[in-house]
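Colleague: Just one file: entry_14.txt, with compact mmCIF, C-alpha atoms and all ligand atoms.
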# COMPACT_ATOMS: atom_id res chain seq x y z
CA MET A 1 78.60 103.33 123.31
CA HIS A 2 77.98 104.18 126.92
CA THR A 3 81.53 103.29 127.81
CA SER A 4 83.09 105.41 125.08
CA THR A 5 80.90 108.41 125.98
CA THR A 6 81.96 108.07 129.59
CA ILE A 7 85.62 107.84 128.66
CA LEU A 8 85.21 110.99 126.58
CA SER A 9 83.62 112.98 129.39
CA LEU A 10 86.17 111.77 131.95
CA ALA A 11 89.00 112.83 129.70
CA ALA A 12 87.36 116.20 129.04
CA ALA A 13 86.83 116.75 132.76
CA ALA A 14 90.44 115.82 133.47
CA LEU A 15 91.55 118.30 130.83
CA LEU A 16 89.45 121.05 132.36
CA MET A 17 90.67 120.35 135.90
CA GLY A 18 94.26 120.25 134.71
CA GLY A 19 93.81 123.69 133.16
CA CYS A 20 96.72 125.65 131.75
CA ALA A 21 98.99 124.96 134.69
CA GLN A 22 99.57 121.45 133.43
CA LYS A 23 102.24 121.31 130.77
CA LYS A 24 101.42 117.93 129.33
CA GLU A 25 97.88 118.00 127.97
CA LEU A 26 95.79 114.96 128.71
CA PRO A 27 94.59 113.67 125.36
CA MET A 28 90.83 113.57 124.99
CA SER A 29 89.57 110.21 123.91
CA SER A 30 88.00 109.52 120.56
CA ALA A 31 84.58 107.94 120.56
CA ILE A 32 81.65 106.80 118.50
CA THR A 33 78.05 107.11 119.60
CA LYS A 34 74.82 105.94 118.03
CA ALA A 35 71.41 107.59 118.33
CA PRO A 36 68.06 107.34 116.53
CA PHE A 37 67.59 109.76 113.61
CA GLY A 38 63.91 109.07 112.96
CA GLN A 39 62.12 106.66 110.66
CA THR A 40 61.81 106.60 106.91
CA GLU A 41 58.37 106.99 105.34
CA ALA A 42 58.36 103.21 104.95
CA GLY A 43 58.96 102.88 108.68
CA GLN A 44 62.63 101.87 108.72
CA PRO A 45 64.55 103.24 111.69
CA ILE A 46 67.59 105.34 110.78
CA GLU A 47 70.58 105.77 113.06
CA LEU A 48 72.96 108.66 113.49
CA TYR A 49 76.58 107.69 114.15
CA THR A 50 78.67 110.44 115.67
CA LEU A 51 82.42 110.02 115.30
CA LYS A 52 84.61 112.15 117.56
CA ASN A 53 88.36 112.43 117.69
CA ALA A 54 90.71 113.80 120.30
CA SER A 55 91.41 116.96 118.29
CA GLY A 56 87.95 118.47 118.52
CA MET A 57 86.49 117.23 115.27
CA GLU A 58 83.14 115.47 114.97
CA ALA A 59 81.36 113.80 112.03
CA GLY A 60 77.67 112.85 111.98
CA ILE A 61 76.71 110.10 109.53
CA ILE A 62 73.34 108.44 108.99
CA ASN A 63 72.63 105.12 107.34
CA LEU A 64 70.12 106.66 104.94
CA GLY A 65 72.24 107.35 101.87
CA GLY A 66 75.43 107.22 103.95
CA ILE A 67 74.81 110.93 104.40
CA VAL A 68 77.31 113.10 106.25
CA VAL A 69 74.78 115.24 108.12
CA SER A 70 77.31 117.30 110.06
CA LEU A 71 81.03 117.92 110.17
CA LYS A 72 82.19 120.02 113.09
CA VAL A 73 85.66 121.37 112.57
CA PRO A 74 87.83 123.80 114.53
CA GLY A 75 88.80 127.11 112.94
CA ARG A 76 91.16 129.87 113.97
CA GLY A 77 91.14 130.24 117.75
CA GLY A 78 89.59 126.79 118.11
CA GLN A 79 86.13 127.97 117.08
CA ILE A 80 84.00 125.02 116.01
CA ALA A 81 81.67 125.27 113.01
CA ASP A 82 79.58 122.75 111.13
CA VAL A 83 81.05 123.01 107.62
CA VAL A 84 78.58 120.92 105.60
CA LEU A 85 75.14 121.81 104.28
CA GLY A 86 72.25 119.58 105.24
CA PHE A 87 68.96 119.21 107.05
CA ASP A 88 67.83 118.73 110.64
CA LYS A 89 65.13 116.22 109.71
CA LEU A 90 65.28 112.85 108.02
CA ALA A 91 62.16 113.60 105.93
CA ASP A 92 64.03 116.40 104.13
CA TYR A 93 66.78 113.98 103.09
CA GLU A 94 64.19 111.52 101.80
CA LYS A 95 62.65 114.07 99.45
CA PRO A 96 64.46 114.99 96.23
CA ASN A 97 67.21 117.41 97.33
CA PRO A 98 70.62 118.55 96.02
CA TYR A 99 72.29 115.32 97.27
CA PHE A 100 73.48 117.03 100.46
CA GLY A 101 76.24 114.92 102.05
CA ALA A 102 75.16 111.72 100.34
CA ILE A 103 76.92 108.76 98.84
CA VAL A 104 76.01 108.85 95.16
CA GLY A 105 75.99 105.83 92.89
CA ARG A 106 75.87 103.33 91.34
CA TYR A 107 77.30 105.86 88.89
CA GLY A 108 78.04 109.29 90.35
CA ASN A 109 77.70 112.06 87.74
CA ARG A 110 76.16 111.72 84.28
CA ILE A 111 75.72 108.97 81.72
CA ALA A 112 74.65 110.37 78.37
CA LYS A 113 71.09 109.53 77.36
CA GLY A 114 71.07 107.00 80.21
CA ARG A 115 72.59 104.33 77.99
CA PHE A 116 75.75 102.33 77.69
CA THR A 117 76.92 99.08 76.13
CA LEU A 118 78.85 96.44 78.02
CA ASN A 119 79.94 93.05 76.66
CA GLY A 120 77.74 93.68 73.61
CA ALA A 121 74.54 94.31 75.58
CA GLU A 122 72.91 97.73 75.79
CA TYR A 123 71.69 98.85 79.21
CA LYS A 124 69.04 101.53 79.64
CA LEU A 125 69.21 103.47 82.88
CA ALA A 126 66.70 105.56 84.78
CA VAL A 127 66.88 109.04 83.25
CA ASN A 128 66.53 111.97 85.68
CA ASP A 129 68.50 114.92 84.27
CA GLY A 130 67.01 115.98 80.95
CA GLU A 131 67.84 113.08 78.66
CA ASN A 132 70.71 111.91 80.87
CA SER A 133 71.07 109.74 83.95
CA LEU A 134 72.56 111.58 86.94
CA HIS A 135 73.96 110.19 90.20
CA GLY A 136 72.61 106.67 89.78
CA GLY A 137 69.12 107.55 88.56
CA ILE A 138 65.85 108.15 90.38
CA HIS A 139 66.47 105.84 93.31
CA GLY A 140 70.23 106.16 93.69
CA PHE A 141 72.43 105.10 96.59
CA ASN A 142 71.59 108.41 98.30
CA HIS A 143 68.05 107.12 98.89
CA ALA A 144 69.05 103.63 100.02
CA VAL A 145 68.97 102.40 103.60
CA TRP A 146 72.42 100.97 104.34
CA GLN A 147 73.39 98.40 106.97
CA ALA A 148 75.71 100.01 109.47
CA ARG A 149 78.24 98.65 111.92
CA GLU A 150 80.86 100.25 114.11
CA VAL A 151 84.34 99.14 113.10
CA PRO A 152 86.55 98.21 116.05
CA GLY A 153 89.93 99.93 116.04
CA ALA A 154 91.91 102.86 117.32
CA ASP A 155 90.01 105.44 115.26
CA PRO A 156 86.21 105.81 115.31
CA ALA A 157 84.81 104.30 112.13
CA VAL A 158 81.48 103.20 110.73
CA GLU A 159 81.06 100.77 107.85
CA LEU A 160 77.96 100.95 105.65
CA THR A 161 76.88 98.16 103.34
CA TYR A 162 74.31 98.21 100.57
CA VAL A 163 73.40 95.53 98.06
CA SER A 164 72.28 97.11 94.81
CA LYS A 165 70.21 94.50 92.99
CA ASP A 166 70.73 93.34 89.42
CA LEU A 167 69.09 95.87 87.06
CA GLU A 168 68.35 98.34 89.85
CA GLU A 169 67.96 101.66 87.99
CA GLY A 170 69.02 99.64 84.93
CA TYR A 171 72.54 98.60 86.01
CA PRO A 172 73.60 94.97 85.53
CA GLY A 173 74.78 92.75 88.37
CA ASN A 174 74.14 92.43 92.08
CA LEU A 175 76.67 94.92 93.45
CA THR A 176 77.63 94.79 97.12
CA VAL A 177 78.99 98.17 98.12
CA LYS A 178 80.82 99.04 101.32
CA VAL A 179 81.65 102.55 102.45
CA THR A 180 83.72 103.09 105.59
CA TYR A 181 83.97 106.50 107.20
CA THR A 182 86.93 106.89 109.57
CA LEU A 183 87.76 109.95 111.61
CA THR A 184 91.50 110.14 112.21
CA PRO A 185 93.37 112.03 114.95
CA LYS A 186 94.68 114.37 112.20
CA ASN A 187 91.21 115.81 111.58
CA GLU A 188 90.70 113.73 108.47
CA LEU A 189 87.46 112.16 107.40
CA ARG A 190 88.64 109.20 105.38
CA ILE A 191 86.22 107.41 103.07
CA ASP A 192 87.08 103.93 101.84
CA TYR A 193 84.86 102.48 99.16
CA SER A 194 84.82 98.88 98.01
CA ALA A 195 82.43 96.88 95.86
CA ALA A 196 82.04 93.49 94.24
CA THR A 197 79.60 92.24 91.63
CA ASP A 198 78.33 88.88 90.36
CA LYS A 199 78.08 90.19 86.77
CA ASP A 200 80.21 92.75 84.89
CA THR A 201 78.92 96.25 85.57
CA VAL A 202 80.02 99.88 85.85
CA ALA A 203 80.48 101.80 89.10
CA ASN A 204 81.56 105.27 90.17
CA VAL A 205 80.75 105.95 93.79
CA THR A 206 81.45 109.24 95.53
CA ASN A 207 80.37 111.55 98.31
CA HIS A 208 78.35 114.67 97.54
CA SER A 209 79.06 116.88 100.57
CA TYR A 210 78.61 120.61 100.10
CA PHE A 211 81.23 122.48 102.12
CA ASN A 212 81.17 125.97 103.49
CA LEU A 213 84.32 126.43 105.54
CA ALA A 214 82.89 129.50 107.28
CA GLY A 215 80.07 127.32 108.56
CA GLN A 216 76.91 126.08 106.89
CA GLY A 217 74.55 128.89 105.89
CA GLN A 218 77.25 131.57 106.39
CA GLY A 219 77.09 133.16 102.95
CA ASP A 220 78.58 132.13 99.63
CA ILE A 221 81.89 130.40 99.00
CA LEU A 222 83.14 132.77 96.27
CA GLY A 223 85.84 134.28 98.49
CA ASP A 224 87.46 130.95 99.29
CA VAL A 225 90.88 130.28 97.79
CA LEU A 226 91.10 127.10 95.74
CA THR A 227 93.89 124.98 94.35
CA ILE A 228 93.12 122.04 92.06
CA TYR A 229 96.11 119.85 91.32
CA ALA A 230 95.13 119.27 87.73
CA SER A 231 96.60 120.36 84.40
CA LYS A 232 93.60 119.21 82.37
CA PHE A 233 89.84 119.11 82.59
CA THR A 234 87.06 117.47 80.60
CA PRO A 235 85.06 120.14 78.71
CA VAL A 236 81.33 119.45 78.39
CA ASP A 237 78.47 119.89 75.94
CA ALA A 238 75.25 121.76 76.78
CA GLY A 239 73.97 118.76 78.77
CA LEU A 240 77.20 118.68 80.85
CA ILE A 241 78.38 115.51 79.11
CA PRO A 242 82.14 115.45 78.38
CA THR A 243 82.99 116.03 74.74
CA GLY A 244 85.84 113.51 75.11
CA GLU A 245 88.61 116.08 74.98
CA LEU A 246 91.13 116.35 77.82
CA LYS A 247 91.81 120.07 77.61
CA SER A 248 94.72 121.93 79.14
CA VAL A 249 93.61 124.36 81.84
CA ALA A 250 96.35 126.82 80.82
CA GLY A 251 94.94 130.23 79.96
CA THR A 252 91.38 129.28 81.00
CA PRO A 253 89.26 130.05 84.10
CA PHE A 254 89.77 126.35 84.93
CA ASP A 255 93.42 126.86 85.85
CA PHE A 256 93.54 126.50 89.63
CA ARG A 257 97.10 125.15 89.72
CA GLN A 258 98.01 128.23 91.75
CA PRO A 259 95.76 129.20 94.69
CA THR A 260 92.98 131.35 93.20
CA VAL A 261 89.84 132.93 94.62
CA ILE A 262 86.85 130.83 93.49
CA GLY A 263 84.84 133.88 92.43
CA ALA A 264 87.68 135.60 90.56
CA ARG A 265 86.73 134.27 87.11
CA ILE A 266 83.40 132.51 87.69
CA ASN A 267 81.45 135.10 85.68
CA ASN A 268 83.95 135.29 82.82
CA ASP A 269 82.58 135.25 79.31
CA ASP A 270 83.51 131.61 78.81
CA GLU A 271 81.43 129.01 77.00
CA GLN A 272 82.29 126.23 79.48
CA LEU A 273 81.37 128.37 82.49
CA LYS A 274 78.08 129.31 80.82
CA ARG A 275 77.25 125.66 80.26
CA GLY A 276 77.88 124.86 83.91
CA LYS A 277 76.23 128.07 85.16
CA GLY A 278 79.51 128.39 87.01
CA TYR A 279 81.93 125.60 87.85
CA ASP A 280 80.39 122.15 87.45
CA HIS A 281 83.21 120.29 85.72
CA ASN A 282 85.55 117.36 86.07
CA TRP A 283 89.28 117.96 86.46
CA VAL A 284 91.87 115.31 85.59
CA VAL A 285 93.86 115.05 88.81
CA ASP A 286 97.64 115.05 88.20
CA GLY A 287 99.60 111.98 89.21
CA THR A 288 98.76 108.31 89.07
CA PRO A 289 95.18 107.16 89.58
CA GLY A 290 95.04 104.41 92.18
CA THR A 291 97.50 106.23 94.43
CA LEU A 292 96.31 108.56 97.16
CA ARG A 293 97.44 112.03 96.09
CA PRO A 294 96.29 115.63 96.51
CA ALA A 295 93.33 116.64 94.36
CA ALA A 296 92.37 120.01 95.80
CA ARG A 297 92.87 122.46 98.63
CA VAL A 298 90.51 125.20 99.77
CA ASN A 299 91.06 127.82 102.41
CA ASP A 300 88.60 130.25 103.88
CA PRO A 301 90.56 133.40 104.78
CA GLY A 302 87.84 134.49 107.23
CA SER A 303 87.78 131.44 109.52
CA GLY A 304 91.26 130.13 108.69
CA ARG A 305 89.83 126.69 107.97
CA VAL A 306 91.57 124.67 105.29
CA LEU A 307 90.24 121.61 103.50
CA GLU A 308 92.58 119.35 101.59
CA VAL A 309 91.14 116.59 99.43
CA LEU A 310 93.22 113.54 98.59
CA THR A 311 92.01 110.72 96.40
CA THR A 312 92.90 107.59 94.49
CA GLU A 313 90.35 108.57 91.81
CA PRO A 314 91.39 109.89 88.38
CA GLY A 315 89.16 112.97 88.60
CA VAL A 316 87.34 115.47 90.76
CA GLN A 317 84.11 117.33 90.01
CA PHE A 318 84.30 120.86 91.35
CA TYR A 319 80.75 122.18 91.63
CA THR A 320 79.95 125.63 93.01
CA GLY A 321 76.36 125.01 94.09
CA ASN A 322 75.03 126.81 91.02
CA PHE A 323 71.63 125.14 91.34
CA LEU A 324 71.10 126.10 94.98
CA ASP A 325 68.39 128.75 94.87
CA GLY A 326 67.09 129.43 98.34
CA THR A 327 64.41 126.74 98.16
CA SER A 328 66.35 124.50 100.56
CA THR A 329 66.00 125.46 104.19
CA GLY A 330 68.76 123.69 105.97
CA LYS A 331 70.05 123.09 109.46
CA SER A 332 69.05 125.59 112.15
CA GLY A 333 66.76 127.30 109.64
CA LYS A 334 69.63 128.44 107.39
CA VAL A 335 68.53 129.15 103.83
CA TYR A 336 70.96 127.95 101.17
CA GLN A 337 71.22 130.48 98.37
CA ARG A 338 73.13 130.08 95.12
CA ARG A 339 76.80 129.18 95.71
CA TYR A 340 76.45 128.79 99.47
CA GLY A 341 78.50 125.59 99.24
CA PHE A 342 80.99 123.83 96.99
CA CYS A 343 81.42 120.13 96.26
CA LEU A 344 84.63 118.29 95.44
CA GLU A 345 83.31 114.97 94.19
CA THR A 346 86.24 112.62 93.66
CA GLN A 347 85.35 110.32 90.82
CA HIS A 348 85.97 108.70 87.46
CA PHE A 349 85.18 111.03 84.60
CA PRO A 350 81.50 111.59 83.79
CA ASP A 351 80.02 109.35 81.08
CA SER A 352 83.08 107.07 81.11
CA PRO A 353 81.05 104.02 79.99
CA ASN A 354 80.57 105.84 76.66
CA HIS A 355 84.19 107.02 76.40
CA PRO A 356 86.51 104.06 75.83
CA ASP A 357 89.49 106.47 76.06
CA PHE A 358 88.66 107.46 79.66
CA PRO A 359 89.92 105.37 82.60
CA THR A 360 87.54 102.44 82.77
CA THR A 361 84.64 102.26 85.22
CA VAL A 362 83.93 98.62 84.43
CA VAL A 363 83.88 96.33 87.45
CA LYS A 364 84.32 92.71 86.42
CA ALA A 365 82.48 89.91 88.13
CA GLY A 366 84.75 88.57 90.85
CA ALA A 367 87.04 91.63 90.84
CA GLU A 368 87.20 94.18 93.63
CA TYR A 369 86.34 97.85 93.21
CA LYS A 370 88.38 100.04 95.57
CA SER A 371 88.64 103.75 96.09
CA THR A 372 89.75 106.10 98.87
CA THR A 373 89.19 109.79 99.48
CA VAL A 374 90.39 111.85 102.44
CA PHE A 375 88.94 115.20 103.53
CA ARG A 376 91.65 116.71 105.75
CA PHE A 377 90.99 119.82 107.83
CA SER A 378 93.48 122.22 109.34
CA VAL A 379 93.81 125.88 110.23
CA GLU A 380 96.14 128.54 108.84
C1 LIG A 401 76.60 117.37 90.60
C2 LIG A 401 76.33 117.73 89.21
C3 LIG A 401 75.60 119.02 89.17
C4 LIG A 401 74.34 118.92 89.97
C5 LIG A 401 74.64 118.51 91.37
C6 LIG A 401 73.39 118.30 92.14
O1 LIG A 401 77.57 118.14 91.15
O2 LIG A 401 77.48 117.79 88.41
O3 LIG A 401 75.31 119.35 87.86
O4 LIG A 401 73.51 117.98 89.41
O5 LIG A 401 75.42 117.35 91.36
O6 LIG A 401 72.52 119.37 92.07
Starting from the file, give its structure as structure tokens.
Modeller:
Amino acid sequence: MHTSTTILSLAAAALLMGGCAQKKELPMSSAITKAPFGQTEAGQPIELYTLKNASGMEAGIINLGGIVVSLKVPGRGGQIADVVLGFDKLADYEKPNPYFGAIVGRYGNRIAKGRFTLNGAEYKLAVNDGENSLHGGIHGFNHAVWQAREVPGADPAVELTYVSKDLEEGYPGNLTVKVTYTLTPKNELRIDYSAATDKDTVANVTNHSYFNLAGQGQGDILGDVLTIYASKFTPVDAGLIPTGELKSVAGTPFDFRQPTVIGARINNDDEQLKRGKGYDHNWVVDGTPGTLRPAARVNDPGSGRVLEVLTTEPGVQFYTGNFLDGTSTGKSGKVYQRRYGFCLETQHFPDSPNHPDFPTTVVKAGAEYKSTTVFRFSVE
């Protein structure tokens, strides 16, 4: 880590000395550094991995919950802002919180009544959202301490591994999960997920970052312009469980096929919006699941920052931070009010284990679970 830091500073110094007079810019080096991020209540040391690329982007990831604690991204004029919500202190991530930046699983999103049947056996999960199980239950992947290792290669990358034990939170099978974060030279944070189990199970692992492209704590996200590349969504009941219908977005406030301001229709008199207290729904991403394709694009007209989300997953949950209520004091003392961030959780559809018509979330013993999502940043 020392070496890479040195290389980085040498390159930066060379760039400065070269100044504008030099036509060919010296590329800054990418690097990964590791630093302590405190200890858990149980006394386990947690590390912060900082991934830097040569284009001015930086991602901070800790091995508690695989949490993305910071994402520093250039905006118009090269201005850097941290575009994810989060905390300064480890203790705040350990307490129940809105899943800021975390890897959620074993099953991201909801499973109705915390129950499902697989191979004729009924499994009862930890219930933590009314009568439903949300984001893996009470002690989900977001609370786990993961093993971390730097991945050698051209781009800075960190691989996190967690073994979720048989019947942890009620799920069958010992599931070994790997999540690799890679920062590419194109200002992409790429997340590769893989998992394997010794007994048939279900899995749906995602990242729960809350973005604010103006910078964390800089107001609400209602003025951002959103595209979701989806012709259908999965309407929900009062408990936010899909009814089973794949409904056309045409003529509804869920039609984001053309770039649309997030806040334009959020308060419409619409039953689905009322149930979600805003947007908190799963869209069926157009194209073929299993292939990396665009799911969504957001631009913040103020800062010029653009986020594109690509995924191999069949769906994406667009959530407008409706439950944020000012009780979370985040980084640098910023208070996160309602709708101060949005999430684009790439995923299988909620409650899939109870919907045989939905793309399956079953992971067979001996088979490999694989999924990729890319968060790509640019400026316009
Ligand atoms: C997901 C859910 C929301 C909410 C948040 C966390 O996005 O769909 O309903 O639970 O996580 O607060």
Colleague: Point out the residue among A:Phe323, A:Tyr49, A:Tyr162, A:Phe342 with the least atom-to-atom distance to A:Ile221, counting all atoms listed in the file.
Modeller: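 Going through A:Phe323, A:Tyr49, A:Tyr162, A:Phe342 one by one, the smallest distance to A:Ile221 is for A:Phe342.
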Colleague: Could you give me, as a list in words, every polymer residue with an atom at most 8 Å away from an atom of ligand LIG 401 (chain A), counting only C-alpha atoms and all ligand atoms?
Modeller: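 Sorted by chain and then by number, the residues are Asn97, Pro98, Tyr99, Asn109, Arg110, Asp129, Leu134, His135, His208, Leu240, Gly276, Asp280, His281, Gln317, Phe318, Tyr319, Gly321, Asn322, Phe323, Leu324, Cys343 and Glu345 of chain A.
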Colleague: Those selected residues, please, written with C-alpha atoms and delivered as a CSV table (one decimal), in the frame of the given file.
Modeller:
chain,number,residue,atom,x,y,z
A,97,ASN,CA,67.2,117.4,97.3
A,98,PRO,CA,70.6,118.6,96.0
A,99,TYR,CA,72.3,115.3,97.3
A,109,ASN,CA,77.7,112.1,87.7
A,110,ARG,CA,76.2,111.7,84.3
A,129,ASP,CA,68.5,114.9,84.3
A,134,LEU,CA,72.6,111.6,86.9
A,135,HIS,CA,74.0,110.2,90.2
A,208,HIS,CA,78.4,114.7,97.5
A,240,LEU,CA,77.2,118.7,80.8
A,276,GLY,CA,77.9,124.9,83.9
A,280,ASP,CA,80.4,122.2,87.4
A,281,HIS,CA,83.2,120.3,85.7
A,317,GLN,CA,84.1,117.3,90.0
A,318,PHE,CA,84.3,120.9,91.4
A,319,TYR,CA,80.8,122.2,91.6
A,321,GLY,CA,76.4,125.0,94.1
A,322,ASN,CA,75.0,126.8,91.0
A,323,PHE,CA,71.6,125.1,91.3
A,324,LEU,CA,71.1,126.1,95.0
A,343,CYS,CA,81.4,120.1,96.3
A,345,GLU,CA,83.3,115.0,94.2
Colleague: When you count all atoms listed in the file, which of these residues is closest to A:Ala31: A:Thr260, A:Gly170, A:Ala154, A:Phe100?
Modeller: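 The shortest atom-to-atom distance to A:Ala31 comes from A:Ala154.
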Colleague: Which of these, A:Pro314, A:Gly86, A:Gly101, A:Gly304, has the shortest distance to A:Thr291 once you count all atoms listed in the file?
Modeller: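 The closest residue to A:Thr291 is A:Pro314.
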Colleague: Check the smallest atom-to-atom distance from each of A:Gly60, A:Gly114, A:Gly38, A:Pro96 to A:Gly130 using all atoms listed in the file, then report the winner.
Modeller: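 Answer, going by the shortest atom-to-atom distance: A:Gly114.
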Colleague: Could you list, with a cut-off of 9 Å and counting only C-alpha atoms, the residues of stretch 83-148 of chain A near stretch 172-190 of chain A, each shown with its nearest atom pair and the distance in Å rounded to one decimal, rows sorted by chain and ascending number, as a tab-separated table?
Modeller:
residue	atom	partner	partner_atom	distance
A:Ile103	CA	A:Val179	CA	8.6
A:Arg106	CA	A:Leu175	CA	8.7
A:Tyr123	CA	A:Pro172	CA	7.7
Colleague: Would you write out those residues with C-alpha atoms, as a PDB file, in the frame of the given file?
Modeller:
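Full text of selection37.pdb as output:
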ATOM      1  CA  ILE A 103      76.920 108.760  98.840  1.00  0.00           C
ATOM      2  CA  ARG A 106      75.870 103.330  91.340  1.00  0.00           C
ATOM      3  CA  TYR A 123      71.690  98.850  79.210  1.00  0.00           C
TER       4      TYR A 123
END
